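What follows is a set of notes on a single structure, which appears directly below.
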Amino acid sequence: MATYNPKTDFPPLKELATTVFFPWTFMYKSLTYLPGTLYRLISSGDLSTLFSWSRLQSAWFGSFWAWAGPQVRSGAETTVIPLLEGRITAGEVVSSPSLARHPGISGTCLEIGPGSGMWVSIFSDKYQSSSSTGPLELGRRGPITRVYGVEPNSTVHPLLKQQIIQANLSDTYEIIPFGIQDLALSSRVAPNSVDCIVSVLCLCSIPDPERNIKELYKYLKPGGRWYVYEHVKRERSNSWAVALYQGSFYHFLFFFFHLPLPDF
């Protein structure tokens with residue numbers, strides 16, 4: 001029986017329907033969290049947030065992402081965990097460390113945009129390779145000595161702290177309450193001091209991505225590694241349906257959550 005190749009074959013109808021309708025259900029679900037956010041702010045008398053669009057966006061996004069984060073993780077961890085173990089080669093997961101070409105995360109790590117903490121546990125001992133004997137073994141995650149989580153949205157910090165405690169990382173994981181653009185001014189992380197940068201589904205939400213990505217490289221030690229799992233966009237297409245699909249979804253994210261627009 002022929003097997004489905006996602007690179008060359010037209011996707012099955014069920015998978016195609018899921019892919020097409022997911023952004024619309026995602027947008028609808030996010031809208032359902034707005035009334036609850038408004039009620040919470042009114043009940044607590046937090047009028048400064050209620051009447052500031054940027055702060056309201058952050059509070060709304062934090063409420064929504066507390067639900068969305070675990071859903072996203074459940075769909076992505078079959079790729080993200082191998083990536084952080086160094087078991088991704090040419091874009092594919094390799095089944096054995098002996099086939100890997102890269103080491104996993106280890107040492108001092110800089111996590112960009114941890115949000116509500118959906119990926120915090122990956123830095124815990126639970127995910128360290130039991131047979132690892134050093135920090136740079138191919139296809140294995142080494143010991144983690146320090147993690148800096150760069151998260152400027154203070155509304156998600158309580159949830160992030162809960163995840164840190166649950167992962168038994170209170171002495172290892174430090175929340176940096178600044179954006180990338182303010183990280184240097186904070187002096188909380190020294191240049192050339194980080195072994196690994198980890199960014200999972202977050203680079204789409206940082207301002208001025210090209211400049212800030214260049215800025216982050218300054219924190220890596222010589223020979224440091226950056227582990228990236230990110231949204232991608234379809235190459236330019238003559239299909240009006242693709243243009244409508246991508247454009248409407250990202251314009252929604254831009255307007256309501258102020259995430260930067262990709263170049264369509």
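If you're wondering about the labels, chains in the structure tokens are A, B, ... by order shown, residues count from 1 in each chain, ligands from 1 in order shown.
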
Spatial neighbours of A:Pro209, max dist 10 Å, only C-alpha atoms, sep filter under 5 positions, as a list in words: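 My reading of the contact set: Ile180, Leu203, Cys204, Lys214, Glu215 and Pro260 of chain A.
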
Export of prior selection with all heavy atoms as a PDB file, in the first residue's frame:
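Result file follows (again-v9.pdb):
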```pdb
ATOM      1  N   ILE A 180      13.341  41.613  23.925  1.00  0.00           N
ATOM      2  CA  ILE A 180      14.702  41.461  23.391  1.00  0.00           C
ATOM      3  C   ILE A 180      15.363  42.821  23.216  1.00  0.00           C
ATOM      4  O   ILE A 180      16.556  42.990  23.507  1.00  0.00           O
ATOM      5  CB  ILE A 180      14.660  40.717  22.045  1.00  0.00           C
ATOM      6  CG1 ILE A 180      14.094  39.319  22.228  1.00  0.00           C
ATOM      7  CG2 ILE A 180      16.052  40.647  21.422  1.00  0.00           C
ATOM      8  CD1 ILE A 180      13.755  38.626  20.927  1.00  0.00           C
ATOM      9  N   LEU A 203       9.137  33.769  17.336  1.00  0.00           N
ATOM     10  CA  LEU A 203       9.796  34.826  16.569  1.00  0.00           C
ATOM     11  C   LEU A 203       8.798  35.619  15.734  1.00  0.00           C
ATOM     12  O   LEU A 203       9.080  36.743  15.325  1.00  0.00           O
ATOM     13  CB  LEU A 203      10.883  34.231  15.663  1.00  0.00           C
ATOM     14  CG  LEU A 203      12.054  33.567  16.391  1.00  0.00           C
ATOM     15  CD1 LEU A 203      13.085  33.057  15.388  1.00  0.00           C
ATOM     16  CD2 LEU A 203      12.707  34.515  17.385  1.00  0.00           C
ATOM     17  N   CYS A 204       7.617  35.039  15.507  1.00  0.00           N
ATOM     18  CA  CYS A 204       6.582  35.761  14.767  1.00  0.00           C
ATOM     19  C   CYS A 204       6.011  36.914  15.581  1.00  0.00           C
ATOM     20  O   CYS A 204       5.324  37.786  15.043  1.00  0.00           O
ATOM     21  CB  CYS A 204       5.452  34.820  14.375  1.00  0.00           C
ATOM     22  SG  CYS A 204       4.584  34.110  15.800  1.00  0.00           S
ATOM     23  N   LYS A 214      19.471  39.452  15.159  1.00  0.00           N
ATOM     24  CA  LYS A 214      20.899  39.764  15.144  1.00  0.00           C
ATOM     25  C   LYS A 214      21.396  40.104  16.547  1.00  0.00           C
ATOM     26  O   LYS A 214      22.503  39.723  16.944  1.00  0.00           O
ATOM     27  CB  LYS A 214      21.175  40.923  14.186  1.00  0.00           C
ATOM     28  CG  LYS A 214      20.996  40.577  12.722  1.00  0.00           C
ATOM     29  CD  LYS A 214      21.265  41.787  11.840  1.00  0.00           C
ATOM     30  CE  LYS A 214      21.063  41.460  10.370  1.00  0.00           C
ATOM     31  NZ  LYS A 214      21.268  42.653   9.501  1.00  0.00           N
ATOM     32  N   GLU A 215      20.575  40.818  17.290  1.00  0.00           N
ATOM     33  CA  GLU A 215      20.948  41.203  18.655  1.00  0.00           C
ATOM     34  C   GLU A 215      21.134  39.973  19.543  1.00  0.00           C
ATOM     35  O   GLU A 215      22.049  39.916  20.366  1.00  0.00           O
ATOM     36  CB  GLU A 215      19.858  42.111  19.235  1.00  0.00           C
ATOM     37  CG  GLU A 215      20.142  42.650  20.618  1.00  0.00           C
ATOM     38  CD  GLU A 215      21.261  43.668  20.666  1.00  0.00           C
ATOM     39  OE1 GLU A 215      21.570  44.267  19.609  1.00  0.00           O
ATOM     40  OE2 GLU A 215      21.839  43.864  21.752  1.00  0.00           O
ATOM     41  N   PRO A 260       3.735  41.054  14.420  1.00  0.00           N
ATOM     42  CA  PRO A 260       4.146  41.647  13.146  1.00  0.00           C
ATOM     43  C   PRO A 260       3.658  40.855  11.950  1.00  0.00           C
ATOM     44  O   PRO A 260       3.541  39.628  12.006  1.00  0.00           O
ATOM     45  CB  PRO A 260       5.676  41.606  13.241  1.00  0.00           C
ATOM     46  CG  PRO A 260       6.000  40.567  14.244  1.00  0.00           C
ATOM     47  CD  PRO A 260       4.858  40.570  15.219  1.00  0.00           C
TER      48      PRO A 260
END
```

Residues flagged helix (DSSP H, G or I) by DSSP in stretch 97-212 of chain A, as a PyMOL selection string: chain A and resi 97-99+120-123+125-127+154-166+180-186+203-205+209-212

Surrounding residues of stretch 67-71 of chain A excluding itself and chain neighbours under 4 positions, 10 Å, only C-alpha atoms, as a PyMOL selection string: chain A and resi 26+29-30+33+61-63+75-76+114-119

Would you output that residue set with C-alpha atoms, as a compact mmCIF listing (two decimals), in the first residue's frame?
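Below you can see part17.txt, which holds the result:
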```txt
# COMPACT_ATOMS: atom_id res chain seq x y z
CA PHE A 26 -8.12 29.49 16.37
CA LYS A 29 -11.49 30.61 20.18
CA SER A 30 -9.28 33.62 20.94
CA TYR A 33 -11.54 34.92 25.81
CA PHE A 61 -3.44 37.22 24.94
CA GLY A 62 -2.25 35.92 28.32
CA SER A 63 -5.72 34.59 29.16
CA GLY A 75 0.75 19.02 18.51
CA ALA A 76 4.35 20.18 18.32
CA PRO A 114 8.29 31.35 27.18
CA GLY A 115 4.80 32.84 27.58
CA SER A 116 2.75 30.87 30.09
CA GLY A 117 5.51 28.26 30.33
CA MET A 118 4.31 25.57 27.97
CA TRP A 119 7.90 24.47 27.19
```

Contact residues around A:Leu84 with only C-alpha atoms at 7 Å, ignoring same-chain residues under 4 positions, as a ChimeraX atom specification: /A:80,104-105,141,227

Output of the above residues as a PDB file, in the first residue's frame, restricted to all heavy atoms:
```pdb
ATOM      1  N   VAL A  80       9.517  19.122  18.514  1.00  0.00           N
ATOM      2  CA  VAL A  80      10.318  20.017  19.348  1.00  0.00           C
ATOM      3  C   VAL A  80      11.254  19.243  20.266  1.00  0.00           C
ATOM      4  O   VAL A  80      12.440  19.607  20.411  1.00  0.00           O
ATOM      5  CB  VAL A  80       9.408  20.947  20.176  1.00  0.00           C
ATOM      6  CG1 VAL A  80      10.232  21.755  21.188  1.00  0.00           C
ATOM      7  CG2 VAL A  80       8.645  21.894  19.254  1.00  0.00           C
ATOM      8  N   GLY A 104      22.328  18.090  21.712  1.00  0.00           N
ATOM      9  CA  GLY A 104      21.123  18.695  22.259  1.00  0.00           C
ATOM     10  C   GLY A 104      21.465  19.907  23.114  1.00  0.00           C
ATOM     11  O   GLY A 104      22.626  20.278  23.262  1.00  0.00           O
ATOM     12  N   ILE A 105      20.431  20.520  23.662  1.00  0.00           N
ATOM     13  CA  ILE A 105      20.662  21.690  24.504  1.00  0.00           C
ATOM     14  C   ILE A 105      21.406  21.284  25.775  1.00  0.00           C
ATOM     15  O   ILE A 105      21.288  20.163  26.258  1.00  0.00           O
ATOM     16  CB  ILE A 105      19.339  22.393  24.882  1.00  0.00           C
ATOM     17  CG1 ILE A 105      18.395  21.425  25.607  1.00  0.00           C
ATOM     18  CG2 ILE A 105      18.666  22.969  23.646  1.00  0.00           C
ATOM     19  CD1 ILE A 105      17.143  22.085  26.161  1.00  0.00           C
ATOM     20  N   ARG A 141      20.469  15.276  25.004  1.00  0.00           N
ATOM     21  CA  ARG A 141      20.389  16.519  25.762  1.00  0.00           C
ATOM     22  C   ARG A 141      21.290  16.431  26.973  1.00  0.00           C
ATOM     23  O   ARG A 141      21.246  15.461  27.733  1.00  0.00           O
ATOM     24  CB  ARG A 141      18.944  16.765  26.220  1.00  0.00           C
ATOM     25  CG  ARG A 141      18.583  18.219  26.359  1.00  0.00           C
ATOM     26  CD  ARG A 141      17.605  18.460  27.488  1.00  0.00           C
ATOM     27  NE  ARG A 141      18.261  18.381  28.784  1.00  0.00           N
ATOM     28  CZ  ARG A 141      17.659  18.630  29.942  1.00  0.00           C
ATOM     29  NH1 ARG A 141      16.380  18.927  29.954  1.00  0.00           N
ATOM     30  NH2 ARG A 141      18.323  18.550  31.077  1.00  0.00           N
ATOM     31  N   TYR A 227      18.377  26.816  18.687  1.00  0.00           N
ATOM     32  CA  TYR A 227      17.387  25.806  18.329  1.00  0.00           C
ATOM     33  C   TYR A 227      16.072  26.518  18.009  1.00  0.00           C
ATOM     34  O   TYR A 227      15.475  27.150  18.887  1.00  0.00           O
ATOM     35  CB  TYR A 227      17.192  24.816  19.478  1.00  0.00           C
ATOM     36  CG  TYR A 227      18.448  24.051  19.815  1.00  0.00           C
ATOM     37  CD1 TYR A 227      19.453  24.639  20.582  1.00  0.00           C
ATOM     38  CD2 TYR A 227      18.646  22.746  19.367  1.00  0.00           C
ATOM     39  CE1 TYR A 227      20.618  23.945  20.895  1.00  0.00           C
ATOM     40  CE2 TYR A 227      19.807  22.039  19.677  1.00  0.00           C
ATOM     41  CZ  TYR A 227      20.791  22.654  20.440  1.00  0.00           C
ATOM     42  OH  TYR A 227      21.941  21.970  20.746  1.00  0.00           O
TER      43      TYR A 227
END
```

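Omitting A:Ile197 and its sequence neighbours fewer than 2 positions away, and counting only C-alpha atoms, the residues within 8 Å are A:Cys109, A:Leu110, A:Glu111, A:Ile112, A:Val194, A:Asp195, A:Ser199, A:Leu220, A:Arg225, A:Trp226, A:Tyr227.
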
For the residues selected in the previous step, produce a file with all heavy atoms as a tab-separated table (two decimals), in the first residue's frame.
```tsv
chain	number	residue	atom	x	y	z
A	109	CYS	N	21.05	28.34	29.03
A	109	CYS	CA	20.12	28.49	27.91
A	109	CYS	C	19.34	29.81	28.03
A	109	CYS	O	19.03	30.26	29.13
A	109	CYS	CB	19.11	27.34	27.87
A	109	CYS	SG	19.87	25.71	27.63
A	110	LEU	N	19.04	30.39	26.89
A	110	LEU	CA	18.21	31.58	26.80
A	110	LEU	C	16.94	31.19	26.07
A	110	LEU	O	16.98	30.88	24.88
A	110	LEU	CB	18.97	32.67	26.04
A	110	LEU	CG	18.35	34.07	25.96
A	110	LEU	CD1	18.25	34.71	27.34
A	110	LEU	CD2	19.18	34.96	25.04
A	111	GLU	N	15.81	31.17	26.78
A	111	GLU	CA	14.54	30.84	26.15
A	111	GLU	C	13.84	32.14	25.77
A	111	GLU	O	13.58	33.00	26.62
A	111	GLU	CB	13.63	30.02	27.05
A	111	GLU	CG	12.35	29.60	26.31
A	111	GLU	CD	11.36	28.81	27.15
A	111	GLU	OE1	11.47	28.81	28.38
A	111	GLU	OE2	10.45	28.22	26.55
A	112	ILE	N	13.48	32.28	24.50
A	112	ILE	CA	12.83	33.48	24.01
A	112	ILE	C	11.32	33.28	24.00
A	112	ILE	O	10.80	32.33	23.40
A	112	ILE	CB	13.31	33.84	22.58
A	112	ILE	CG1	14.85	33.89	22.54
A	112	ILE	CG2	12.72	35.16	22.13
A	112	ILE	CD1	15.46	34.86	23.52
A	194	VAL	N	25.98	32.55	26.81
A	194	VAL	CA	24.91	31.57	26.65
A	194	VAL	C	25.36	30.43	25.73
A	194	VAL	O	25.93	30.69	24.67
A	194	VAL	CB	23.64	32.25	26.08
A	194	VAL	CG1	22.59	31.23	25.71
A	194	VAL	CG2	23.09	33.25	27.09
A	195	ASP	N	25.11	29.20	26.16
A	195	ASP	CA	25.46	28.05	25.33
A	195	ASP	C	24.42	27.80	24.24
A	195	ASP	O	24.76	27.40	23.13
A	195	ASP	CB	25.58	26.79	26.20
A	195	ASP	CG	26.70	26.88	27.21
A	195	ASP	OD1	27.87	26.86	26.79
A	195	ASP	OD2	26.40	26.98	28.41
A	199	SER	N	14.07	29.02	20.83
A	199	SER	CA	12.90	29.82	20.44
A	199	SER	C	11.90	28.91	19.75
A	199	SER	O	12.18	28.36	18.69
A	199	SER	CB	13.30	30.99	19.54
A	199	SER	OG	14.00	30.55	18.40
A	220	LEU	N	25.32	34.52	22.52
A	220	LEU	CA	25.88	33.17	22.38
A	220	LEU	C	27.39	33.16	22.57
A	220	LEU	O	28.10	34.05	22.10
A	220	LEU	CB	25.55	32.59	21.00
A	220	LEU	CG	24.14	32.07	20.78
A	220	LEU	CD1	23.96	31.70	19.31
A	220	LEU	CD2	23.84	30.87	21.66
A	225	ARG	N	24.75	27.39	20.12
A	225	ARG	CA	23.75	26.86	19.19
A	225	ARG	C	22.40	27.55	19.40
A	225	ARG	O	22.07	27.92	20.52
A	225	ARG	CB	23.54	25.35	19.40
A	225	ARG	CG	24.73	24.49	19.02
A	225	ARG	CD	25.55	24.07	20.21
A	225	ARG	NE	24.82	23.26	21.16
A	225	ARG	CZ	25.18	23.14	22.45
A	225	ARG	NH1	26.23	23.80	22.92
A	225	ARG	NH2	24.48	22.37	23.28
A	226	TRP	N	21.66	27.68	18.32
A	226	TRP	CA	20.31	28.25	18.38
A	226	TRP	C	19.35	27.20	17.85
A	226	TRP	O	19.45	26.74	16.71
A	226	TRP	CB	20.23	29.52	17.54
A	226	TRP	CG	18.98	30.33	17.76
A	226	TRP	CD1	17.75	29.87	18.12
A	226	TRP	CD2	18.85	31.75	17.64
A	226	TRP	NE1	16.86	30.90	18.23
A	226	TRP	CE2	17.50	32.07	17.94
A	226	TRP	CE3	19.72	32.78	17.29
A	226	TRP	CZ2	17.02	33.38	17.90
A	226	TRP	CZ3	19.24	34.06	17.25
A	226	TRP	CH2	17.90	34.36	17.57
A	227	TYR	N	18.38	26.82	18.69
A	227	TYR	CA	17.39	25.81	18.33
A	227	TYR	C	16.07	26.52	18.01
A	227	TYR	O	15.47	27.15	18.89
A	227	TYR	CB	17.19	24.82	19.48
A	227	TYR	CG	18.45	24.05	19.82
A	227	TYR	CD1	19.45	24.64	20.58
A	227	TYR	CD2	18.65	22.75	19.37
A	227	TYR	CE1	20.62	23.94	20.89
A	227	TYR	CE2	19.81	22.04	19.68
A	227	TYR	CZ	20.79	22.65	20.44
A	227	TYR	OH	21.94	21.97	20.75
```

For atom CA of A:Leu201 and atom CA of A:Thr79, the interatomic separation in Å (one decimal):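 It comes out at 12.2 Å.
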
Exercise: A:Tyr148 partners within 12 Å, only C-alpha atoms, chain neighbours under 3 positions left out, as a VMD selection string: chain A and resid 107 to 114 120 123 144 to 145 151 164 169 to 178 180 183 188 to 190 193 to 199 219

Generate a file of the selected residues that holds N, CA, C and O atoms, formatted as a tab-separated table (two decimals), in the first residue's frame.
```
chain	number	residue	atom	x	y	z
A	107	GLY	N	23.94	23.27	29.31
A	107	GLY	CA	24.60	24.44	29.88
A	107	GLY	C	23.64	25.58	30.18
A	107	GLY	O	22.54	25.38	30.71
A	108	THR	N	24.04	26.78	29.82
A	108	THR	CA	23.22	27.98	30.04
A	108	THR	C	22.36	28.24	28.80
A	108	THR	O	22.87	28.33	27.69
A	109	CYS	N	21.05	28.34	29.03
A	109	CYS	CA	20.12	28.49	27.91
A	109	CYS	C	19.34	29.81	28.03
A	109	CYS	O	19.03	30.26	29.13
A	110	LEU	N	19.04	30.39	26.89
A	110	LEU	CA	18.21	31.58	26.80
A	110	LEU	C	16.94	31.19	26.07
A	110	LEU	O	16.98	30.88	24.88
A	111	GLU	N	15.81	31.17	26.78
A	111	GLU	CA	14.54	30.84	26.15
A	111	GLU	C	13.84	32.14	25.77
A	111	GLU	O	13.58	33.00	26.62
A	112	ILE	N	13.48	32.28	24.50
A	112	ILE	CA	12.83	33.48	24.01
A	112	ILE	C	11.32	33.28	24.00
A	112	ILE	O	10.80	32.33	23.40
A	113	GLY	N	10.61	34.16	24.69
A	113	GLY	CA	9.15	34.11	24.69
A	113	GLY	C	8.55	32.87	25.30
A	113	GLY	O	7.76	32.18	24.65
A	114	PRO	N	8.87	32.55	26.57
A	114	PRO	CA	8.29	31.35	27.18
A	114	PRO	C	6.79	31.45	27.42
A	114	PRO	O	6.13	30.44	27.61
A	120	VAL	N	8.57	24.99	29.47
A	120	VAL	CA	9.53	25.07	30.58
A	120	VAL	C	10.05	23.71	31.00
A	120	VAL	O	11.25	23.54	31.30
A	123	PHE	N	13.45	21.81	30.09
A	123	PHE	CA	14.75	22.10	30.70
A	123	PHE	C	14.97	21.31	31.98
A	123	PHE	O	16.02	21.42	32.61
A	144	ILE	N	21.48	20.93	32.18
A	144	ILE	CA	21.14	22.35	32.11
A	144	ILE	C	21.55	23.01	33.42
A	144	ILE	O	21.15	22.56	34.50
A	145	THR	N	22.35	24.04	33.34
A	145	THR	CA	22.84	24.71	34.55
A	145	THR	C	22.10	26.01	34.85
A	145	THR	O	21.98	26.41	36.01
A	151	GLU	N	10.62	37.18	28.79
A	151	GLU	CA	9.18	37.30	28.60
A	151	GLU	C	8.70	38.66	29.11
A	151	GLU	O	8.54	38.88	30.32
A	164	ILE	N	7.47	26.73	36.30
A	164	ILE	CA	8.85	26.63	36.80
A	164	ILE	C	8.89	25.80	38.08
A	164	ILE	O	9.75	24.92	38.24
A	169	LEU	N	12.40	23.76	38.83
A	169	LEU	CA	13.47	24.58	38.25
A	169	LEU	C	13.59	25.95	38.93
A	169	LEU	O	14.17	26.87	38.37
A	170	SER	N	13.08	26.06	40.15
A	170	SER	CA	13.08	27.36	40.84
A	170	SER	C	14.47	27.93	41.02
A	170	SER	O	14.66	29.15	41.01
A	171	ASP	N	15.46	27.06	41.18
A	171	ASP	CA	16.84	27.53	41.38
A	171	ASP	C	17.61	27.64	40.06
A	171	ASP	O	18.77	28.05	40.06
A	172	THR	N	16.96	27.26	38.97
A	172	THR	CA	17.64	27.22	37.68
A	172	THR	C	17.09	28.23	36.68
A	172	THR	O	17.83	28.85	35.93
A	173	TYR	N	15.77	28.42	36.70
A	173	TYR	CA	15.09	29.22	35.70
A	173	TYR	C	14.80	30.63	36.23
A	173	TYR	O	14.12	30.79	37.24
A	174	GLU	N	15.28	31.64	35.53
A	174	GLU	CA	15.06	33.04	35.93
A	174	GLU	C	14.25	33.74	34.84
A	174	GLU	O	14.61	33.74	33.67
A	175	ILE	N	13.16	34.37	35.26
A	175	ILE	CA	12.34	35.14	34.32
A	175	ILE	C	12.96	36.52	34.12
A	175	ILE	O	13.25	37.23	35.07
A	176	ILE	N	13.18	36.88	32.86
A	176	ILE	CA	13.70	38.20	32.50
A	176	ILE	C	12.52	38.99	31.96
A	176	ILE	O	12.07	38.74	30.84
A	177	PRO	N	12.00	39.98	32.72
A	177	PRO	CA	10.75	40.65	32.33
A	177	PRO	C	10.95	41.79	31.34
A	177	PRO	O	10.42	42.88	31.52
A	178	PHE	N	11.71	41.53	30.30
A	178	PHE	CA	11.99	42.54	29.29
A	178	PHE	C	11.83	41.92	27.91
A	178	PHE	O	11.92	40.71	27.75
A	180	ILE	N	13.34	41.61	23.93
A	180	ILE	CA	14.70	41.46	23.39
A	180	ILE	C	15.36	42.82	23.22
A	180	ILE	O	16.56	42.99	23.51
A	183	LEU	N	16.83	43.93	26.46
A	183	LEU	CA	17.62	42.96	27.21
A	183	LEU	C	19.01	43.48	27.53
A	183	LEU	O	19.52	43.31	28.65
A	188	ARG	N	20.94	41.80	32.62
A	188	ARG	CA	20.64	40.54	33.32
A	188	ARG	C	21.34	39.35	32.68
A	188	ARG	O	21.54	38.32	33.33
A	189	VAL	N	21.64	39.46	31.40
A	189	VAL	CA	22.35	38.38	30.69
A	189	VAL	C	23.56	39.00	30.00
A	189	VAL	O	23.42	39.94	29.22
A	190	ALA	N	24.72	38.47	30.29
A	190	ALA	CA	25.95	39.03	29.72
A	190	ALA	C	26.16	38.54	28.29
A	190	ALA	O	25.83	37.39	27.96
A	193	SER	N	27.68	34.68	26.88
A	193	SER	CA	27.58	33.87	28.10
A	193	SER	C	26.63	32.69	27.97
A	193	SER	O	26.49	31.91	28.90
A	194	VAL	N	25.98	32.55	26.81
A	194	VAL	CA	24.91	31.57	26.65
A	194	VAL	C	25.36	30.43	25.73
A	194	VAL	O	25.93	30.69	24.67
A	195	ASP	N	25.11	29.20	26.16
A	195	ASP	CA	25.46	28.05	25.33
A	195	ASP	C	24.42	27.80	24.24
A	195	ASP	O	24.76	27.40	23.13
A	196	CYS	N	23.14	28.03	24.58
A	196	CYS	CA	22.06	27.72	23.64
A	196	CYS	C	20.97	28.79	23.72
A	196	CYS	O	20.66	29.29	24.81
A	197	ILE	N	20.39	29.09	22.60
A	197	ILE	CA	19.16	29.87	22.53
A	197	ILE	C	18.05	28.94	22.06
A	197	ILE	O	18.24	28.15	21.13
A	198	VAL	N	16.91	29.00	22.72
A	198	VAL	CA	15.75	28.19	22.36
A	198	VAL	C	14.59	29.12	22.04
A	198	VAL	O	14.19	29.94	22.87
A	199	SER	N	14.07	29.02	20.83
A	199	SER	CA	12.90	29.82	20.44
A	199	SER	C	11.90	28.91	19.75
A	199	SER	O	12.18	28.36	18.69
A	219	TYR	N	24.60	37.13	22.46
A	219	TYR	CA	24.62	36.48	23.77
A	219	TYR	C	25.20	35.07	23.71
A	219	TYR	O	25.52	34.48	24.75
```

Using only C-alpha atoms: which of A:Asn153, A:Arg140, A:Asn192, A:Asp125 has the shortest distance to A:Leu56: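 Looking only at the distances to A:Leu56, the closest residue turns out to be A:Asn153.
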
Minimum-distance residue to A:Gly224, chosen among A:Pro207, A:Pro35, A:Pro103, A:Gly149 (using only C-alpha atoms): A:Pro103

Picked from stretch 19-130 of chain A by DSSP as strand (DSSP E or B), as a ChimeraX atom specification: /A:88-89,92-93,103,107-112

Export, as an mmCIF file, in the first residue's frame, the selected residues with C-alpha atoms.
```cif
data_model
loop_
_atom_site.group_PDB
_atom_site.id
_atom_site.type_symbol
_atom_site.label_atom_id
_atom_site.label_comp_id
_atom_site.auth_asym_id
_atom_site.auth_seq_id
_atom_site.Cartn_x
_atom_site.Cartn_y
_atom_site.Cartn_z
ATOM 1 C CA ILE A 88 16.737 16.633 13.697
ATOM 2 C CA THR A 89 18.769 16.141 10.529
ATOM 3 C CA GLU A 92 13.637 15.141 9.658
ATOM 4 C CA VAL A 93 13.561 13.414 13.041
ATOM 5 C CA PRO A 103 24.171 17.905 20.161
ATOM 6 C CA GLY A 107 24.600 24.443 29.876
ATOM 7 C CA THR A 108 23.224 27.980 30.036
ATOM 8 C CA CYS A 109 20.116 28.495 27.909
ATOM 9 C CA LEU A 110 18.211 31.582 26.797
ATOM 10 C CA GLU A 111 14.542 30.844 26.147
ATOM 11 C CA ILE A 112 12.826 33.485 24.010
#
```

Near-A:Gly91 list (12 Å; only C-alpha atoms; drop same-chain fewer than 6 positions) as a PyMOL selection string: chain A and resi 7+79-80+82-83+100-101+228-229

Between atom CA of A:Arg55 and atom CA of A:Met27, distance in Å (one decimal):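 Separation between atom CA of A:Arg55 and atom CA of A:Met27: 19.5 Å.
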
Pairwise distance for atom CA of A:Gln162 and atom CA of A:Thr49, rounded to one decimal in Å: 23.2 Å
